[in-house]
Structure formats: C-alpha cells, structure tokens
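Below is data.pdb, which holds PDB, C-alpha atoms.
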MODEL        1
ATOM      1  CA  MET M  25     125.504 452.797-170.909  1.00  0.00           C
ATOM      2  CA  SER M  26     123.501 451.396-167.996  1.00  0.00           C
ATOM      3  CA  VAL M  27     120.865 448.712-168.184  1.00  0.00           C
ATOM      4  CA  VAL M  28     117.777 448.942-165.998  1.00  0.00           C
ATOM      5  CA  ALA M  29     116.027 445.662-165.207  1.00  0.00           C
ATOM      6  CA  ALA M  30     112.247 445.704-165.141  1.00  0.00           C
ATOM      7  CA  ARG M  31     110.652 444.219-162.034  1.00  0.00           C
ATOM      8  CA  VAL M  32     107.758 441.826-162.694  1.00  0.00           C
ATOM      9  CA  PRO M  33     104.920 442.151-160.149  1.00  0.00           C
ATOM     10  CA  SER M  34     104.001 439.052-158.154  1.00  0.00           C
ATOM     11  CA  ASP M  35     100.680 437.219-158.574  1.00  0.00           C
ATOM     12  CA  ARG M  36      99.598 438.622-155.193  1.00  0.00           C
ATOM     13  CA  VAL M  37     100.167 442.188-156.393  1.00  0.00           C
ATOM     14  CA  LEU M  38      98.306 441.507-159.647  1.00  0.00           C
ATOM     15  CA  ARG M  39      95.309 440.046-157.769  1.00  0.00           C
ATOM     16  CA  LEU M  40      95.259 443.024-155.421  1.00  0.00           C
ATOM     17  CA  CYS M  41      95.288 445.369-158.418  1.00  0.00           C
ATOM     18  CA  ALA M  42      92.396 443.437-160.023  1.00  0.00           C
ATOM     19  CA  TRP M  43      90.335 443.726-156.827  1.00  0.00           C
ATOM     20  CA  SER M  44      91.145 447.437-156.545  1.00  0.00           C
ATOM     21  CA  LEU M  45      90.080 448.021-160.137  1.00  0.00           C
ATOM     22  CA  ALA M  46      86.830 446.095-159.565  1.00  0.00           C
ATOM     23  CA  ALA M  47      86.139 448.164-156.432  1.00  0.00           C
ATOM     24  CA  MET M  48      86.756 451.432-158.296  1.00  0.00           C
ATOM     25  CA  LEU M  49      84.482 450.366-161.146  1.00  0.00           C
ATOM     26  CA  ALA M  50      81.813 449.380-158.625  1.00  0.00           C
ATOM     27  CA  GLY M  51      81.905 452.901-157.198  1.00  0.00           C
ATOM     28  CA  CYS M  52      81.490 454.407-160.657  1.00  0.00           C
ATOM     29  CA  HIS M  53      78.710 452.182-161.954  1.00  0.00           C
ATOM     30  CA  GLY M  54      77.011 450.783-158.856  1.00  0.00           C
ATOM     31  CA  HIS M  55      78.409 447.278-159.420  1.00  0.00           C
ATOM     32  CA  PRO M  56      81.602 445.726-160.813  1.00  0.00           C
ATOM     33  CA  PRO M  57      81.597 444.146-164.251  1.00  0.00           C
ATOM     34  CA  ALA M  58      80.590 440.484-164.016  1.00  0.00           C
ATOM     35  CA  GLN M  59      83.860 439.240-165.518  1.00  0.00           C
ATOM     36  CA  ALA M  60      86.014 441.247-163.072  1.00  0.00           C
ATOM     37  CA  THR M  61      83.971 439.924-160.146  1.00  0.00           C
ATOM     38  CA  ALA M  62      84.132 436.338-161.422  1.00  0.00           C
ATOM     39  CA  THR M  63      87.875 436.419-161.980  1.00  0.00           C
ATOM     40  CA  ALA M  64      88.458 437.958-158.568  1.00  0.00           C
ATOM     41  CA  ALA M  65      86.128 435.511-156.785  1.00  0.00           C
ATOM     42  CA  GLN M  66      87.756 432.498-158.424  1.00  0.00           C
ATOM     43  CA  ALA M  67      91.281 433.771-157.709  1.00  0.00           C
ATOM     44  CA  ARG M  68      90.394 434.428-154.057  1.00  0.00           C
ATOM     45  CA  LEU M  69      89.743 430.736-153.449  1.00  0.00           C
ATOM     46  CA  ASP M  70      93.390 429.960-154.221  1.00  0.00           C
ATOM     47  CA  VAL M  71      95.061 432.402-151.809  1.00  0.00           C
ATOM     48  CA  ASP M  72      95.058 432.944-148.059  1.00  0.00           C
ATOM     49  CA  GLY M  73      92.294 435.272-146.986  1.00  0.00           C
ATOM     50  CA  GLU M  74      88.539 435.516-146.835  1.00  0.00           C
ATOM     51  CA  ILE M  75      85.735 435.887-149.351  1.00  0.00           C
ATOM     52  CA  GLN M  76      82.077 436.515-148.599  1.00  0.00           C
ATOM     53  CA  TRP M  77      78.834 435.891-150.492  1.00  0.00           C
ATOM     54  CA  ARG M  78      75.253 436.905-149.633  1.00  0.00           C
ATOM     55  CA  GLY M  79      71.910 435.716-150.876  1.00  0.00           C
ATOM     56  CA  ALA M  80      68.210 435.423-150.098  1.00  0.00           C
ATOM     57  CA  TRP M  81      65.773 432.595-150.722  1.00  0.00           C
ATOM     58  CA  PRO M  82      62.029 432.136-150.524  1.00  0.00           C
ATOM     59  CA  CYS M  83      60.719 430.156-147.563  1.00  0.00           C
ATOM     60  CA  ALA M  84      57.556 428.025-147.292  1.00  0.00           C
ATOM     61  CA  ASP M  85      56.911 428.797-143.611  1.00  0.00           C
ATOM     62  CA  CYS M  86      58.601 432.198-143.147  1.00  0.00           C
ATOM     63  CA  ASP M  87      59.001 435.542-144.952  1.00  0.00           C
ATOM     64  CA  GLY M  88      62.335 434.523-146.494  1.00  0.00           C
ATOM     65  CA  ILE M  89      65.837 433.365-145.669  1.00  0.00           C
ATOM     66  CA  ASP M  90      68.860 435.681-145.719  1.00  0.00           C
ATOM     67  CA  ALA M  91      72.211 433.911-146.030  1.00  0.00           C
ATOM     68  CA  GLN M  92      75.821 434.964-145.606  1.00  0.00           C
ATOM     69  CA  LEU M  93      78.642 432.546-146.492  1.00  0.00           C
ATOM     70  CA  VAL M  94      82.243 433.312-145.544  1.00  0.00           C
ATOM     71  CA  LEU M  95      85.118 431.117-146.782  1.00  0.00           C
ATOM     72  CA  ARG M  96      88.464 431.478-145.044  1.00  0.00           C
ATOM     73  CA  ARG M  97      91.777 430.024-146.151  1.00  0.00           C
ATOM     74  CA  ALA M  98      95.053 429.959-144.221  1.00  0.00           C
ATOM     75  CA  GLY M  99      97.537 427.639-145.887  1.00  0.00           C
ATOM     76  CA  ASP M 100      95.987 424.170-145.980  1.00  0.00           C
ATOM     77  CA  ARG M 101      93.318 425.148-143.432  1.00  0.00           C
ATOM     78  CA  LYS M 102      90.027 425.943-145.167  1.00  0.00           C
ATOM     79  CA  ARG M 103      87.099 426.927-142.927  1.00  0.00           C
ATOM     80  CA  TYR M 104      83.669 428.391-143.552  1.00  0.00           C
ATOM     81  CA  SER M 105      80.799 429.922-141.653  1.00  0.00           C
ATOM     82  CA  LEU M 106      77.270 430.065-143.013  1.00  0.00           C
ATOM     83  CA  ALA M 107      74.734 432.265-141.234  1.00  0.00           C
ATOM     84  CA  GLU M 108      71.094 431.866-142.230  1.00  0.00           C
ATOM     85  CA  THR M 109      68.395 434.131-140.839  1.00  0.00           C
ATOM     86  CA  TYR M 110      64.796 432.965-141.188  1.00  0.00           C
ATOM     87  CA  ARG M 111      62.663 436.135-141.337  1.00  0.00           C
ATOM     88  CA  THR M 112      59.276 436.033-139.613  1.00  0.00           C
ATOM     89  CA  GLY M 113      57.534 439.399-139.283  1.00  0.00           C
ATOM     90  CA  ASP M 114      59.711 441.789-137.288  1.00  0.00           C
ATOM     91  CA  GLU M 115      61.851 438.990-135.879  1.00  0.00           C
ATOM     92  CA  GLY M 116      64.081 436.299-137.214  1.00  0.00           C
ATOM     93  CA  ALA M 117      65.760 433.102-136.151  1.00  0.00           C
ATOM     94  CA  ARG M 118      69.477 432.990-136.925  1.00  0.00           C
ATOM     95  CA  PHE M 119      71.394 429.746-137.392  1.00  0.00           C
ATOM     96  CA  VAL M 120      75.157 429.565-137.874  1.00  0.00           C
ATOM     97  CA  GLU M 121      76.954 426.547-139.290  1.00  0.00           C
ATOM     98  CA  THR M 122      80.740 426.141-139.398  1.00  0.00           C
ATOM     99  CA  GLY M 123      83.016 423.567-140.959  1.00  0.00           C
ATOM    100  CA  SER M 124      85.622 422.932-143.634  1.00  0.00           C
ATOM    101  CA  TRP M 125      85.413 423.451-147.396  1.00  0.00           C
ATOM    102  CA  GLN M 126      87.019 421.978-150.491  1.00  0.00           C
ATOM    103  CA  ARG M 127      87.039 423.114-154.092  1.00  0.00           C
ATOM    104  CA  GLU M 128      86.414 420.372-156.663  1.00  0.00           C
ATOM    105  CA  GLY M 129      86.660 422.050-160.062  1.00  0.00           C
ATOM    106  CA  SER M 130      83.775 424.508-160.202  1.00  0.00           C
ATOM    107  CA  LEU M 131      82.084 422.969-157.144  1.00  0.00           C
ATOM    108  CA  LEU M 132      82.555 423.979-153.514  1.00  0.00           C
ATOM    109  CA  ARG M 133      81.811 421.237-151.007  1.00  0.00           C
ATOM    110  CA  LEU M 134      81.095 422.419-147.454  1.00  0.00           C
ATOM    111  CA  ARG M 135      81.371 419.820-144.675  1.00  0.00           C
ATOM    112  CA  GLY M 136      79.828 421.065-141.459  1.00  0.00           C
ATOM    113  CA  ASP M 137      81.291 420.319-138.044  1.00  0.00           C
ATOM    114  CA  GLY M 138      77.939 418.635-137.296  1.00  0.00           C
ATOM    115  CA  ALA M 139      78.330 416.260-140.300  1.00  0.00           C
ATOM    116  CA  SER M 140      76.130 418.266-142.715  1.00  0.00           C
ATOM    117  CA  THR M 141      77.197 418.630-146.358  1.00  0.00           C
ATOM    118  CA  ARG M 142      76.329 421.431-148.771  1.00  0.00           C
ATOM    119  CA  VAL M 143      77.432 421.827-152.372  1.00  0.00           C
ATOM    120  CA  TYR M 144      77.618 425.072-154.367  1.00  0.00           C
ATOM    121  CA  ALA M 145      78.626 425.687-157.966  1.00  0.00           C
ATOM    122  CA  LEU M 146      80.941 428.646-158.582  1.00  0.00           C
ATOM    123  CA  LEU M 147      79.341 430.202-161.662  1.00  0.00           C
ATOM    124  CA  ALA M 148      81.348 431.927-164.405  1.00  0.00           C
ATOM    125  CA  ASP M 149      80.308 435.375-163.121  1.00  0.00           C
ATOM    126  CA  GLY M 150      81.467 434.708-159.508  1.00  0.00           C
ATOM    127  CA  ARG M 151      78.052 433.865-158.014  1.00  0.00           C
ATOM    128  CA  LEU M 152      77.422 430.714-155.983  1.00  0.00           C
ATOM    129  CA  GLN M 153      74.461 428.479-156.737  1.00  0.00           C
ATOM    130  CA  ALA M 154      73.272 425.721-154.373  1.00  0.00           C
ATOM    131  CA  ARG M 155      73.516 422.251-155.885  1.00  0.00           C
ATOM    132  CA  GLY M 156      72.582 418.690-155.012  1.00  0.00           C
ATOM    133  CA  ALA M 157      75.003 416.292-153.324  1.00  0.00           C
ATOM    134  CA  HIS M 158      76.499 415.262-156.700  1.00  0.00           C
ATOM    135  CA  GLY M 159      76.624 418.778-158.157  1.00  0.00           C
ATOM    136  CA  GLU M 160      73.309 418.613-160.022  1.00  0.00           C
ATOM    137  CA  PRO M 161      71.217 421.814-160.287  1.00  0.00           C
ATOM    138  CA  LEU M 162      68.335 422.259-157.851  1.00  0.00           C
ATOM    139  CA  PRO M 163      65.338 423.547-159.849  1.00  0.00           C
ATOM    140  CA  ASP M 164      63.639 425.244-156.881  1.00  0.00           C
ATOM    141  CA  ILE M 165      66.445 427.770-156.294  1.00  0.00           C
ATOM    142  CA  VAL M 166      68.018 428.218-159.722  1.00  0.00           C
ATOM    143  CA  ASP M 167      67.143 431.922-159.730  1.00  0.00           C
ATOM    144  CA  ALA M 168      68.536 432.642-156.237  1.00  0.00           C
ATOM    145  CA  PRO M 169      72.354 432.535-156.378  1.00  0.00           C
ATOM    146  CA  MET M 170      74.594 434.063-153.727  1.00  0.00           C
ATOM    147  CA  LEU M 171      76.547 437.134-154.837  1.00  0.00           C
ATOM    148  CA  PRO M 172      80.196 437.850-153.944  1.00  0.00           C
ATOM    149  CA  VAL M 173      80.284 440.942-151.722  1.00  0.00           C
ATOM    150  CA  SER M 174      83.784 441.223-150.243  1.00  0.00           C
ATOM    151  CA  ALA M 175      87.231 439.693-150.115  1.00  0.00           C
ATOM    152  CA  THR M 176      90.396 440.228-148.130  1.00  0.00           C
ATOM    153  CA  GLU M 177      93.842 438.748-148.517  1.00  0.00           C
ATOM    154  CA  THR M 178      96.142 437.877-145.615  1.00  0.00           C
ATOM    155  CA  ARG M 179      99.881 437.688-145.734  1.00  0.00           C
TER     156      ARG M 179
ENDMDL
END

Using the file provided, produce a representation of the structure as structure tokens.
Amino acid sequence: MSVVAARVPSDRVLRLCAWSLAAMLAGCHGHPPAQATATAAQARLDVDGEIQWRGAWPCADCDGIDAQLVLRRAGDRKRYSLAETYRTGDEGARFVETGSWQREGSLLRLRGDGASTRVYALLADGRLQARGAHGEPLPDIVDAPMLPVSATETR
C-alpha cells in the first residue's frame, strides 16, 4: 500500500488564486465582490509587487481632479507615485509626487520626496479614503474614496 502526501499551496499561490477569482467574477458581473477586493487589496500590501487605486475629487477652481496612486513594494523598499490631473476644459495640469509609504494598522502614510505627507485609511472594502495627519476623517471628501483597480505580484 502506498501513501501519497498532499502538497499544501503556499500563501503566494493562494493570493494569486484569490486575485484570479476576483478578476473572473469582475468579468461576469462588471465588478468584483467588495469582500474579495478588500481581502486582495489588504493582502497586496504585505507582498512584493504593485497595487493601484484611482479616484476623482471635486475642485473649487477647476472641473475636477483625477488621481492615480500606485504603491510598490520590493522587500523593505516601499515606494509610491501619485499622479493628480487638474481638469480645466479640454486641458489639464498633471502633477506627479513620489516618495515612500508605510502601513500603520489601517492607515497608509505617504511621505513625499519633497517632504509632503499624506494619510489614507484602507477601508474594509479595499478603497482608500484621504485622512488628516492623525488619521481623522476629512468631511469634505468622505464620499470620494479611491478604488483599487489593479495589482501585480513580483517574485
């Protein structure tokens, strides 16, 4: 009688399967279930790779602001780029900020290379919401969170 040992998949394989399932469900229903997206977004912050969020905000002196945040992790090196486009008529002014990021519980703290600091809360459904310097909610933009749109894992 022979005994066959079962092979347990690694955490990396399980995360990849979760992302694949979320992508398949997104194709079937137009968007992934909130819980699958949240779990995947939170897990992505703990592994080497890249995750991207997008959002749009109202603007007092323009037609609106489109934002794209990309977090990259390679070992202990954690970098980000934040591109903001201020829409004005048919044109727009694009500003790109880069720096390092840290996760502090459910908060992400971005420290720009030019000494700026931004704080975002990682919400339970995977969205990012801008916060004050100490993590407090900002009432003006509560309804404008950034949505997770893509993620890749590097080996």

task: Would you mind listing what lies within 12 Å of M:Arg111 as an NGL selection string, with only C-alpha atoms counted and same-chain residues fewer than 3 positions away left out?
output: :M and (80-91 or 108 or 114-119)

field: Selection near M:Gly73, 12 Å with all atoms listed in the file, sequence-local residues under 2 positions removed, as a PyMOL selection string
entry: chain M and resi 36+40+65+67-71+75-76+94-104+174-179

- prompt: Using only C-alpha atoms, can you list as number ranges by chain the residues within 7 Å of (76.8, 422.0, -153.5)?
  reply: M: 131-133, 142-145, 154-157, 159

- request: One decimal, Å: what's the distance from atom CA of M:Arg78 over to atom CA of M:Pro169, could you say?
  value: 8.5 Å

message: Taking the file as I've supplied it (selection: the PyMOL selection byres ((chain M and resi 137) around 10)), which residues are included? Please answer as a list in words.
response: Glu121, Thr122, Gly123, Ser124, Leu134, Arg135, Gly136, Gly138, Ala139, Ser140 and Thr141 of chain M

For the selection just defined, write its residues with C-alpha atoms to a file, as an mmCIF file, in the coordinates of the input.
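File out10.cif, as written:
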data_model
loop_
_atom_site.group_PDB
_atom_site.id
_atom_site.type_symbol
_atom_site.label_atom_id
_atom_site.label_comp_id
_atom_site.auth_asym_id
_atom_site.auth_seq_id
_atom_site.Cartn_x
_atom_site.Cartn_y
_atom_site.Cartn_z
ATOM 1 C CA GLU M 121 76.954 426.547 -139.290
ATOM 2 C CA THR M 122 80.740 426.141 -139.398
ATOM 3 C CA GLY M 123 83.016 423.567 -140.959
ATOM 4 C CA SER M 124 85.622 422.932 -143.634
ATOM 5 C CA LEU M 134 81.095 422.419 -147.454
ATOM 6 C CA ARG M 135 81.371 419.820 -144.675
ATOM 7 C CA GLY M 136 79.828 421.065 -141.459
ATOM 8 C CA GLY M 138 77.939 418.635 -137.296
ATOM 9 C CA ALA M 139 78.330 416.260 -140.300
ATOM 10 C CA SER M 140 76.130 418.266 -142.715
ATOM 11 C CA THR M 141 77.197 418.630 -146.358
#

field: Distance of atom CA of M:Leu171 from atom CA of M:Tyr110, expressed in Å to one decimal place
entry: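 A separation of 18.5 Å between them.
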
Where is the centre and how long are the edges: axis-aligned box on stretch 92-110 of chain M, 6 Å on each side, Å to one decimal, as JSON:
{"center_x": 81.2, "center_y": 429.6, "center_z": -143.8, "size_x": 44.7, "size_y": 22.8, "size_z": 17.9}

query: Interatomic distance between atom CA of M:Asp72 and atom CA of M:Leu146?
result: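 Here the two named atoms are 18.1 Å from each other.
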
message: To test your reading of the syntax: which residues would the PyMOL selection byres ((chain M and resi 151) around 7) return for the file shown? Reply as an MDAnalysis selection string.
response: chainID M and resid 146:147 149:150 152:153 169:172

message: Here is a test: counting only C-alpha atoms, which residue of M:His158, M:Ser105, M:Pro163, M:Trp77 is nearest to M:Glu128?
response: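 Of all the options, M:His158 lies closest to M:Glu128.
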